[in-house]
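In what follows, a structure is listed as structure tokens, so that the remarks can point back to it.
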Amino acid sequence: LLLAVCAVGIGGTFQYGYNVSIINAPTQHIHKFLNETWSSRYQKELSPDLLTFLWSVIASIFSLGGLCGALMGGSMAIRLGRKGALLMNNAVAILASILMGISFPTGLFELLIAGRFLIGINSGIGLCVQPLYIGEFAPKHLRGGLAMGTSIFLTGGILTGQIIGLRELLGGEKHWPLLLSSSCVPALAQLLFLPWFPESPRYLLIDRGDELSCAKALKRFHGSSEYRREMEDIQRECFALDGEKPKKPWQLFTDRGVRWQLITVIVMTMGQQLSGINAIYFYATYVFEQAGIMAEKIPYVTLGTGVCECLTALSCVRSNYVGRRCLIIGGYLLMTLWCTVLTFSLTYQELYSWVPYMSMTCVFAFILSFGLGPGGITNTLTAELFVQSSRPAAYMIAGTVSWISFFTVGMLFPFIVNGLKQYCFVVFLLECFFVAAFLFLIIPETKNKSFLEIKKEFHKLNFGRNA
């Protein structure tokens with residue numbers, strides 16, 4: 001099971017975290033490349049406004065690719081299987097790496113844009129299919145812990161990208177094309193290791209009707225002595241679905257039986273992206289400067305935020321034993337607290353010498369709380385709130401909401417920060433508090449429950465108290 005999570009994660013959410021992270025290091029070098037390419041091609045200087053526009057396209061087209069990938073991921077998981085979709089997805093990553101790698105020697109910045117779009121598609125598909133696959137092959141009592149592999153590899157990708165992007169490694173002027181094309185390494189690793197593992201047992205029995213292959217897969221994943229209990233659970237779900245075909249995303253919006261599950265997933269996914277985690281990273285450099293850290297040392301201190309996220313995801317595997325409901329609500333409430341404290345500390349930054357260190361503590365505490373709650377649990381709950389026929393469509397909707405929110409934050413965030421300064425955290429603390437209140441009122445505990453049992457928990461909400 002652990003090896004399967006690693007084989008799935010290295011080419012899944014690791015790619016997303018890695019490619020979000022590595023684009024920051026070569027910013028100045030890409031600006032120089034754009035200027036030089038434009039001058040040699042058109043014999044005139046690139047205007048500052050056009051340079052800003054081209055850089056914005058390179059940075060933001062990743063989100064557009066991710067949105068397209070999220071819309072494709074569920075369909076691929078149904079047609080090719082969970083494992084097949086992930087394997088096919090690596091071809092997109094390898095093509096993207098080639099295009100980004102040859103953009104500099106060929107002098108075609110258009111290849112860089114195309115490569116970023118394709119690696120966005122790869123990330124969108126990976127974010128959709130990886131938690132779907134892990135949630136379906138994990139035994140009921142280990143589902144929460146194994147599903148945290150999604151968060152561990154995502155944060156591991158961010159940290160790896162921060163390290164590889166240091167100027168002493170591949171973040172320097174000579175090596176930045178290699179840095180951008182290095183995303184082919186995780187793709188090749190997954191192509192090497194994932195074929196050794198079986199397809200999702202639930203997909204094999206419920207979607208394909210192949211009971212023999214399902215039993216073989218369960219024996220591989222759970223062991224010859226333990227697989228029968230899980231087999232019975234899958235058979236019960238298959239019987240309850242009574243041959244129901246996988247649903248399309250738009251069908252979920254008209255299905256009263258999943259109304260509150262869908263609302264919950266949309267609120268959780270939007271809450272994760274709009275929680276203020278981007279504001280924290282934006283303000284981190286300013287907070288570190290105020291604490292007296294030299295500018296050239298800040299990239300190394302910023303690595304501490306990546307380490308912080310990664311360690312939180314790892315510790316969350318263990319703390320998952322307290323239950324998903326407790327972790328996600330507690331995470332949002334703690335983020336509300338740290339936003340409040342950070343607003344005050346940034347406001348009174350100049351009054352006392354110790355206040356900048358309080359701000360620095362709040363940055364790390366907020367990241368820890370995010371990793372412990374919404375960062376780690378959101379994908380797990382998305383898998384658990386739906387039965388087999390609705391799950392791929394639910395991940396497509398969640399992925400679409402996530403990427404649109406990600407893009408919206410990227411567009412509006414600079415205006416929010418410029419307009420409100422440190423008081424932007426008041427917006428985020430209100431958002432975190434309202435998401436926590438919603439989840440407290442709506443979401444049941446899902447730990448150690450089958451997908452059918454969780455569906456019954458929502459029955460009264462969906463059909464009224466007299467149902």
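Letters for chains follow the order of the structure tokens (A, B, ...), residue numbers begin at 1 for each chain, and ligand numbers begin at 1 in the order shown.
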Counting only C-alpha atoms, which residues in range 75-130 of chain A sit no more than 10 Å from range 388-410 of chain A? For each one, give the nearest pair of atoms and the distance in Å, sorted by chain then residue number, as JSON lines.
```
{"residue": "A:Ser75", "atom": "CA", "partner": "A:Pro392", "partner_atom": "CA", "distance": 7.5}
{"residue": "A:Met76", "atom": "CA", "partner": "A:Pro392", "partner_atom": "CA", "distance": 9.3}
{"residue": "A:Ala77", "atom": "CA", "partner": "A:Pro392", "partner_atom": "CA", "distance": 7.1}
{"residue": "A:Ile78", "atom": "CA", "partner": "A:Pro392", "partner_atom": "CA", "distance": 7.4}
{"residue": "A:Arg82", "atom": "CA", "partner": "A:Pro392", "partner_atom": "CA", "distance": 9.7}
{"residue": "A:Gly124", "atom": "CA", "partner": "A:Gly399", "partner_atom": "CA", "distance": 7.1}
{"residue": "A:Ile125", "atom": "CA", "partner": "A:Gly399", "partner_atom": "CA", "distance": 8.8}
{"residue": "A:Leu127", "atom": "CA", "partner": "A:Gly399", "partner_atom": "CA", "distance": 7.3}
{"residue": "A:Cys128", "atom": "CA", "partner": "A:Tyr395", "partner_atom": "CA", "distance": 5.6}
{"residue": "A:Val129", "atom": "CA", "partner": "A:Tyr395", "partner_atom": "CA", "distance": 7.9}
```
> Ala96 in chain A: which residues within 7 Å, counting only C-alpha atoms, same-chain residues fewer than 4 positions away excluded, as a count of residues only?
Replying inline: 6
>> Could you list, as number ranges by chain, every residue within 10 Å of range 302-312 of chain A, counting only C-alpha atoms and ignoring same-chain residues fewer than 5 positions away?
In response: A: 21, 151-163, 166, 281, 284-285, 288, 297, 317, 319, 363-373, 375-376
Next, write the just-selected residues to a file, as a short mmCIF file (atom, residue, chain, number, x, y, z; two decimals), in the first residue's frame, keeping N, CA, C and O atoms as the atom set.
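And here is the file that came out, result35.cif:
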```cif
data_model
loop_
_atom_site.label_atom_id
_atom_site.label_comp_id
_atom_site.auth_asym_id
_atom_site.auth_seq_id
_atom_site.Cartn_x
_atom_site.Cartn_y
_atom_site.Cartn_z
N SER A 21 6.08 25.68 -7.76
CA SER A 21 7.23 26.22 -7.03
C SER A 21 8.38 26.69 -7.94
O SER A 21 8.95 27.76 -7.72
N SER A 151 -1.44 15.01 -0.07
CA SER A 151 -0.90 16.23 0.52
C SER A 151 0.61 16.15 0.72
O SER A 151 1.34 17.12 0.50
N ILE A 152 1.09 14.97 1.11
CA ILE A 152 2.54 14.79 1.35
C ILE A 152 3.33 15.02 0.07
O ILE A 152 4.34 15.73 0.06
N PHE A 153 2.86 14.44 -1.05
CA PHE A 153 3.59 14.60 -2.30
C PHE A 153 3.43 16.01 -2.87
O PHE A 153 4.34 16.52 -3.52
N LEU A 154 2.28 16.65 -2.61
CA LEU A 154 2.12 18.03 -3.06
C LEU A 154 3.11 18.95 -2.35
O LEU A 154 3.84 19.72 -2.98
N THR A 155 3.14 18.86 -1.01
CA THR A 155 4.07 19.70 -0.25
C THR A 155 5.52 19.30 -0.51
O THR A 155 6.42 20.15 -0.52
N GLY A 156 5.75 17.99 -0.73
CA GLY A 156 7.10 17.54 -1.09
C GLY A 156 7.55 18.11 -2.42
O GLY A 156 8.71 18.45 -2.61
N GLY A 157 6.59 18.24 -3.37
CA GLY A 157 6.90 18.85 -4.66
C GLY A 157 7.26 20.31 -4.52
O GLY A 157 8.21 20.81 -5.15
N ILE A 158 6.51 21.04 -3.67
CA ILE A 158 6.81 22.46 -3.42
C ILE A 158 8.21 22.61 -2.83
O ILE A 158 9.02 23.44 -3.29
N LEU A 159 8.51 21.80 -1.81
CA LEU A 159 9.82 21.88 -1.15
C LEU A 159 10.95 21.52 -2.11
O LEU A 159 11.98 22.20 -2.16
N THR A 160 10.76 20.44 -2.90
CA THR A 160 11.78 20.04 -3.87
C THR A 160 12.03 21.13 -4.89
O THR A 160 13.17 21.43 -5.25
N GLY A 161 10.94 21.77 -5.37
CA GLY A 161 11.07 22.86 -6.32
C GLY A 161 11.82 24.05 -5.73
O GLY A 161 12.62 24.69 -6.42
N GLN A 162 11.56 24.35 -4.44
CA GLN A 162 12.27 25.44 -3.78
C GLN A 162 13.78 25.14 -3.69
O GLN A 162 14.61 26.03 -3.88
N ILE A 163 14.11 23.88 -3.39
CA ILE A 163 15.53 23.51 -3.26
C ILE A 163 16.22 23.50 -4.62
O ILE A 163 17.28 24.10 -4.79
N LEU A 166 17.15 26.91 -6.16
CA LEU A 166 18.19 27.78 -5.59
C LEU A 166 19.24 28.08 -6.66
O LEU A 166 19.54 27.23 -7.51
N TYR A 281 2.18 33.64 2.01
CA TYR A 281 3.43 33.52 1.26
C TYR A 281 3.87 34.87 0.71
O TYR A 281 5.07 35.16 0.64
N ALA A 284 5.37 36.78 3.57
CA ALA A 284 6.49 36.12 4.26
C ALA A 284 7.79 36.90 4.08
O ALA A 284 8.53 37.13 5.04
N THR A 285 8.09 37.33 2.84
CA THR A 285 9.33 38.06 2.57
C THR A 285 9.39 39.35 3.38
O THR A 285 10.41 39.68 4.00
N PHE A 288 9.97 38.53 7.08
CA PHE A 288 11.35 38.12 7.34
C PHE A 288 12.30 39.32 7.30
O PHE A 288 13.24 39.41 8.09
N LYS A 297 19.51 36.17 2.21
CA LYS A 297 19.29 34.95 2.99
C LYS A 297 17.82 34.52 2.99
O LYS A 297 17.50 33.40 3.39
N VAL A 317 -0.71 12.34 8.87
CA VAL A 317 -1.00 10.91 8.67
C VAL A 317 -1.34 10.28 10.01
O VAL A 317 -2.29 9.52 10.15
N SER A 319 -2.06 12.05 12.92
CA SER A 319 -3.14 12.75 13.61
C SER A 319 -4.50 12.49 12.97
O SER A 319 -5.53 12.83 13.54
N VAL A 363 3.32 33.36 10.69
CA VAL A 363 3.47 32.82 9.33
C VAL A 363 3.60 31.30 9.37
O VAL A 363 2.88 30.56 8.68
N PHE A 364 4.51 30.81 10.23
CA PHE A 364 4.74 29.38 10.31
C PHE A 364 3.53 28.66 10.94
O PHE A 364 3.16 27.56 10.51
N ALA A 365 2.90 29.30 11.94
CA ALA A 365 1.75 28.69 12.60
C ALA A 365 0.57 28.57 11.64
O ALA A 365 -0.16 27.56 11.65
N PHE A 366 0.37 29.58 10.78
CA PHE A 366 -0.72 29.55 9.81
C PHE A 366 -0.49 28.41 8.81
O PHE A 366 -1.41 27.66 8.48
N ILE A 367 0.75 28.28 8.33
CA ILE A 367 1.07 27.22 7.36
C ILE A 367 0.87 25.84 7.99
O ILE A 367 0.33 24.93 7.36
N LEU A 368 1.27 25.69 9.26
CA LEU A 368 1.04 24.43 9.97
C LEU A 368 -0.45 24.11 10.08
O LEU A 368 -0.88 22.98 9.84
N SER A 369 -1.24 25.13 10.43
CA SER A 369 -2.69 24.93 10.59
C SER A 369 -3.34 24.59 9.26
O SER A 369 -4.25 23.75 9.20
N PHE A 370 -2.89 25.24 8.18
CA PHE A 370 -3.41 24.95 6.85
C PHE A 370 -3.11 23.50 6.45
O PHE A 370 -3.98 22.78 5.96
N GLY A 371 -1.86 23.08 6.67
CA GLY A 371 -1.47 21.71 6.32
C GLY A 371 -2.20 20.67 7.14
O GLY A 371 -2.56 19.60 6.64
N LEU A 372 -2.46 20.99 8.40
CA LEU A 372 -3.13 20.05 9.30
C LEU A 372 -4.61 19.90 8.96
O LEU A 372 -5.19 18.83 9.10
N GLY A 373 -5.24 21.00 8.49
CA GLY A 373 -6.67 20.99 8.23
C GLY A 373 -7.00 20.93 6.75
O GLY A 373 -6.93 19.88 6.12
N GLY A 375 -5.52 21.81 3.95
CA GLY A 375 -4.51 21.35 3.00
C GLY A 375 -4.46 19.84 2.90
O GLY A 375 -4.21 19.28 1.82
N GLY A 376 -4.70 19.15 4.01
CA GLY A 376 -4.56 17.70 4.01
C GLY A 376 -5.86 16.92 3.89
O GLY A 376 -5.89 15.82 3.35
#
```
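Look at Cys326 in chain A: the protein and nucleic acid residues within 12 Å of it, using only C-alpha atoms and passing over chain neighbours fewer than 2 places away, are Ser319, Asn320, Tyr321, Val322, Gly323, Arg324, Ile328, Ile329, Gly330, Gly331, Tyr332, Leu333, Leu334, Leu372, Gly373, Pro374, Ile377, Ala436, Leu439, Phe440, Ile443, Pro444, Glu445, Thr446 and Lys447 of chain A.
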>> Please identify the alpha helix (DSSP H) residues within range 345-429 of chain A (assignment by DSSP from backbone atoms) and present them as number ranges by chain.
In response: A: 345-347, 355-372, 374-384, 391-420, 424-429
> Counting only C-alpha atoms, what is within 6 Å of Thr336 in chain A, bar same-chain residues fewer than 4 positions away, as number ranges by chain?
Replying inline: A: 429, 432-433
> At what distance in Å, to one decimal, does CA of Phe193 in chain A lie from CA of Lys216 in chain A?
Replying inline: 18.8 Å
>> Which residues are close to Thr264 in chain A, i.e. within 9 Å by only C-alpha atoms, leaving aside same-chain residues fewer than 5 positions away? Reply as a list of chain:residue names.
In response: A:Arg259, A:Thr269, A:Thr382, A:Phe438, A:Leu439, A:Ile442, A:Ile443
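Between Ile266 in chain A and the residues A:Leu178, A:Leu3, A:Met335, A:Leu381, the shortest atom-to-atom distance, using only C-alpha atoms, involves A:Leu381.
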